[in-house]
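To start, the structure itself, in structure tokens.
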Amino acid sequence: MNTPADQHDESVMPEVPSRPGDARKPLEKLMSHLHGEGFCFMPGAELRANLAARDAAWDADWQRFAASWSDLDLDRYMADGGRYRRRRYATLSGAPSGAITLEPHQPHYQSLDYNRLNGGVARYFEPILDEVVSGPTLQAVIGYGFDIFANLHPAQHAHIEVHQFRIEARLDAAGRPTPEGIHRDGVDFVLVMMVRRENVESGTTETFDLQGNRLAAFTLTDPGDTALVDDQRAMHGVTPIQPRDPSRPAWRDVLVVTYRRKPAVS
Ligand SMILES: [Fe+2]
């Protein structure tokens with residue numbers, strides 16, 4: 001994994017994020033952060049160690065995985081009229097046994113309760129490419145997140161939604177990673193992983209309690225930097241991005257995986 005020379009946002013990081021510490025710490029250590037604060041920032045090095053523990057092959061697939069963000073379709077549902085977001089989408093199911101299966105492609109739906117800007121309608125996005133969704137990198141990330149979900153909600157089936165997002169920024173049009181503002185996703189657990197930042201300023205992740213009090217702010221800069229959020233206990237948002245060099249393309253690629261409890265299929 002390459003690390004972009006992008007440390008600018010560190011200088012404006014207003015608060016020290018919650019960090020689990022040693023990359024080799026067990027899942028229980030991470031869970032204590034989630035139980036205590038409702039969120040956790042995991043540096044890329046720690047995520048890489050955790051993914052390697054699940055599947056040593058995950059790393060060899062990273063380049064194909066990351067390159068697939070260059071083949072995303074424009075999101076035409078943006079109620080703010082913006083044309084700065086590209087995406088693909090997939091739905092999976094997780095069973096208490098740990099088995100994760102891809103579901104038939106389907107629209108993405110959020111109620112207006114959770115997305116006042118774009119919710120309330122079924123939104124149809126192109127599926128994540130088969131070789132990406134079945135590849136070792138994405139499978140390892142989904143599985144790792146499902147382990148965390150299973151600790152938050154033992155013995156539950158999960159409805160899993162996977163989103164590839166690219167947010168583009170221009171000098172005359174900032175890119176808004178979360179145009180709906182500070183929000184919950186309306187699920188149980190959310191994993192947000194940085195894939196790549198290119199020529200981007202800002203894009204700071206902020207977490208809040210359910211009363212709207214800010215808990216922390218941190219910037220996902222390096223590939224693999226990850227925010228883990230208990231969506232039942234914390235809200236989140238990301239500040240707009242601007243191009244650092246207006247003469248060059250600027251974008252922010254992230255993977256978002258959400259997990260929601262669902263009834264067992266009889
Ligand atoms: Fe969100």
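All residue names refer to the structure tokens as shown: chains lettered A, B, ... in order, residues numbered from 1 in each chain, ligands numbered from 1 in order.
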Exercise. Could you pull out the strand (DSSP E) residues of range 103-244 of chain A from DSSP and send them as a VMD selection string?
Worked result: chain A and resid 108 to 109 122 to 123 157 to 168 189 to 198 200 to 202 204 to 209 214 to 219 226 to 230 234 to 238 241 to 243
For this session: Assign secondary structure with DSSP using the backbone only, and return the residues of range 23-166 of chain A in helix (DSSP H, G or I) as a PyMOL selection string.
Result: chain A and resi 27-37+44-54+56-70+130-133+136-152
Requested write-out: C-alpha atoms of the selected residues, as a tab-separated table (two decimals), in the first residue's frame:
chain	number	residue	atom	x	y	z
A	27	LEU	CA	-10.42	-7.47	19.33
A	28	GLU	CA	-11.37	-7.07	22.99
A	29	LYS	CA	-9.21	-3.96	23.21
A	30	LEU	CA	-10.97	-2.43	20.25
A	31	MET	CA	-14.34	-3.35	21.68
A	32	SER	CA	-13.56	-1.53	24.91
A	33	HIS	CA	-13.12	1.66	22.88
A	34	LEU	CA	-16.36	1.12	21.00
A	35	HIS	CA	-18.26	0.30	24.17
A	36	GLY	CA	-16.73	3.26	25.98
A	37	GLU	CA	-16.83	6.00	23.36
A	44	GLY	CA	-3.93	1.99	8.57
A	45	ALA	CA	-1.05	0.01	10.04
A	46	GLU	CA	-3.38	-1.52	12.61
A	47	LEU	CA	-6.04	-2.31	10.07
A	48	ARG	CA	-3.45	-3.97	7.82
A	49	ALA	CA	-2.33	-6.17	10.72
A	50	ASN	CA	-5.92	-7.15	11.43
A	51	LEU	CA	-6.66	-7.93	7.79
A	52	ALA	CA	-3.48	-9.99	7.51
A	53	ALA	CA	-4.60	-12.01	10.49
A	54	ARG	CA	-7.79	-12.88	8.59
A	56	ALA	CA	-2.64	-13.19	4.18
A	57	ALA	CA	-3.71	-12.75	0.55
A	58	TRP	CA	-5.58	-9.52	1.19
A	59	ASP	CA	-2.55	-7.31	0.47
A	60	ALA	CA	-1.80	-8.77	-2.97
A	61	ASP	CA	-5.28	-7.72	-4.09
A	62	TRP	CA	-5.01	-4.14	-2.83
A	63	GLN	CA	-3.90	-2.51	-6.10
A	64	ARG	CA	-6.82	-3.97	-8.08
A	65	PHE	CA	-9.17	-3.11	-5.22
A	66	ALA	CA	-8.01	0.53	-5.04
A	67	ALA	CA	-7.86	0.95	-8.83
A	68	SER	CA	-11.54	-0.02	-9.10
A	69	TRP	CA	-12.45	3.42	-7.68
A	70	SER	CA	-11.54	4.81	-11.10
A	130	ASP	CA	-17.67	-9.10	-9.17
A	131	GLU	CA	-13.90	-9.42	-9.00
A	132	VAL	CA	-13.77	-6.60	-6.46
A	133	VAL	CA	-16.56	-7.75	-4.17
A	136	PRO	CA	-9.45	-10.96	-0.87
A	137	THR	CA	-9.13	-7.29	0.13
A	138	LEU	CA	-12.81	-6.45	0.25
A	139	GLN	CA	-13.72	-9.84	1.71
A	140	ALA	CA	-11.17	-9.35	4.50
A	141	VAL	CA	-12.48	-5.87	5.30
A	142	ILE	CA	-16.12	-7.00	5.30
A	143	GLY	CA	-15.24	-9.98	7.46
A	144	TYR	CA	-13.25	-7.89	9.90
A	145	GLY	CA	-16.14	-5.47	10.27
A	146	PHE	CA	-18.53	-8.36	10.74
A	147	ASP	CA	-16.38	-9.64	13.62
A	148	ILE	CA	-16.82	-6.27	15.31
A	149	PHE	CA	-20.56	-6.23	14.60
A	150	ALA	CA	-20.83	-9.74	16.07
A	151	ASN	CA	-19.17	-8.51	19.25
A	152	LEU	CA	-21.58	-5.59	19.49
Exercise. Once you count only C-alpha atoms and all ligand atoms, which residues end up within 7 Å of ligand 1, and could you hand them over as a PyMOL selection string?
Worked result: chain A and resi 178+183-185+236-237
Problem set entry | Spatial neighbours of Thr226 in chain A, 8 Å, only C-alpha atoms, chain gap at least 3 places, as a PyMOL selection string | chain A and resi 41-44+47+191-194+220
Using only C-alpha atoms, please write the residues we just selected to a file, as a short mmCIF file (atom, residue, chain, number, x, y, z; two decimals), in the first residue's frame.
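Generated output (again.cif):
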data_model
loop_
_atom_site.label_atom_id
_atom_site.label_comp_id
_atom_site.auth_asym_id
_atom_site.auth_seq_id
_atom_site.Cartn_x
_atom_site.Cartn_y
_atom_site.Cartn_z
CA PHE A 41 -10.05 5.64 14.87
CA MET A 42 -7.83 2.82 13.60
CA PRO A 43 -4.61 3.81 11.83
CA GLY A 44 -3.93 1.99 8.57
CA LEU A 47 -6.04 -2.31 10.07
CA LEU A 191 -16.79 1.01 9.01
CA VAL A 192 -15.27 3.80 6.90
CA MET A 193 -11.90 3.03 5.33
CA MET A 194 -9.67 5.45 3.43
CA LEU A 220 -8.36 9.66 7.38
#
Exercise. Between A:Leu117, A:Pro154, A:Ala234, A:Ser247, which one has atoms that come closest to Arg214 in chain A, using only C-alpha atoms?
Worked result: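 Among the listed residues, A:Ala234 lies closest to Arg214 in chain A.
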Exercise. Do you have the CA of Gln242 in chain A-CA of Asp113 in chain A distance handy?
Worked result: 28.8 Å
Test item: residues at most 9 Å from His108 in chain A, only C-alpha atoms, excluding those fewer than 6 positions along its chain, as a PDB file with N, CA and C atoms, in the first residue's frame:
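This is the output file part_34.pdb:
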ATOM      1  N   TYR A  89     -22.193  -0.086  -5.377  1.00  0.00           N
ATOM      2  CA  TYR A  89     -22.916  -0.542  -4.194  1.00  0.00           C
ATOM      3  C   TYR A  89     -23.112  -2.050  -4.251  1.00  0.00           C
ATOM      4  N   ALA A  90     -23.073  -2.695  -3.103  1.00  0.00           N
ATOM      5  CA  ALA A  90     -23.372  -4.129  -3.026  1.00  0.00           C
ATOM      6  C   ALA A  90     -24.038  -4.424  -1.686  1.00  0.00           C
ATOM      7  N   THR A  91     -24.849  -5.470  -1.660  1.00  0.00           N
ATOM      8  CA  THR A  91     -25.523  -5.909  -0.445  1.00  0.00           C
ATOM      9  C   THR A  91     -25.128  -7.353  -0.151  1.00  0.00           C
ATOM     10  N   VAL A 121     -36.334   7.632  -0.934  1.00  0.00           N
ATOM     11  CA  VAL A 121     -36.534   7.013  -2.246  1.00  0.00           C
ATOM     12  C   VAL A 121     -35.524   5.876  -2.410  1.00  0.00           C
ATOM     13  N   ALA A 122     -35.933   4.879  -3.192  1.00  0.00           N
ATOM     14  CA  ALA A 122     -34.994   3.806  -3.541  1.00  0.00           C
ATOM     15  C   ALA A 122     -34.022   4.346  -4.575  1.00  0.00           C
ATOM     16  N   ARG A 123     -32.745   4.190  -4.279  1.00  0.00           N
ATOM     17  CA  ARG A 123     -31.724   4.705  -5.192  1.00  0.00           C
ATOM     18  C   ARG A 123     -30.982   3.531  -5.833  1.00  0.00           C
ATOM     19  N   TYR A 124     -30.901   3.580  -7.141  1.00  0.00           N
ATOM     20  CA  TYR A 124     -30.284   2.483  -7.893  1.00  0.00           C
ATOM     21  C   TYR A 124     -28.869   2.873  -8.306  1.00  0.00           C
ATOM     22  N   PHE A 125     -27.915   2.108  -7.847  1.00  0.00           N
ATOM     23  CA  PHE A 125     -26.521   2.335  -8.206  1.00  0.00           C
ATOM     24  C   PHE A 125     -25.959   1.092  -8.862  1.00  0.00           C
ATOM     25  N   GLU A 161     -24.241  -3.588   3.857  1.00  0.00           N
ATOM     26  CA  GLU A 161     -24.219  -2.773   2.641  1.00  0.00           C
ATOM     27  C   GLU A 161     -22.813  -2.213   2.450  1.00  0.00           C
TER      28      GLU A 161
END
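Minimum atom-to-atom distance to Arg233 in chain A, evaluated using only C-alpha atoms, belongs to A:Leu210 out of A:Val265, A:Leu102, A:Leu210, A:Leu112.
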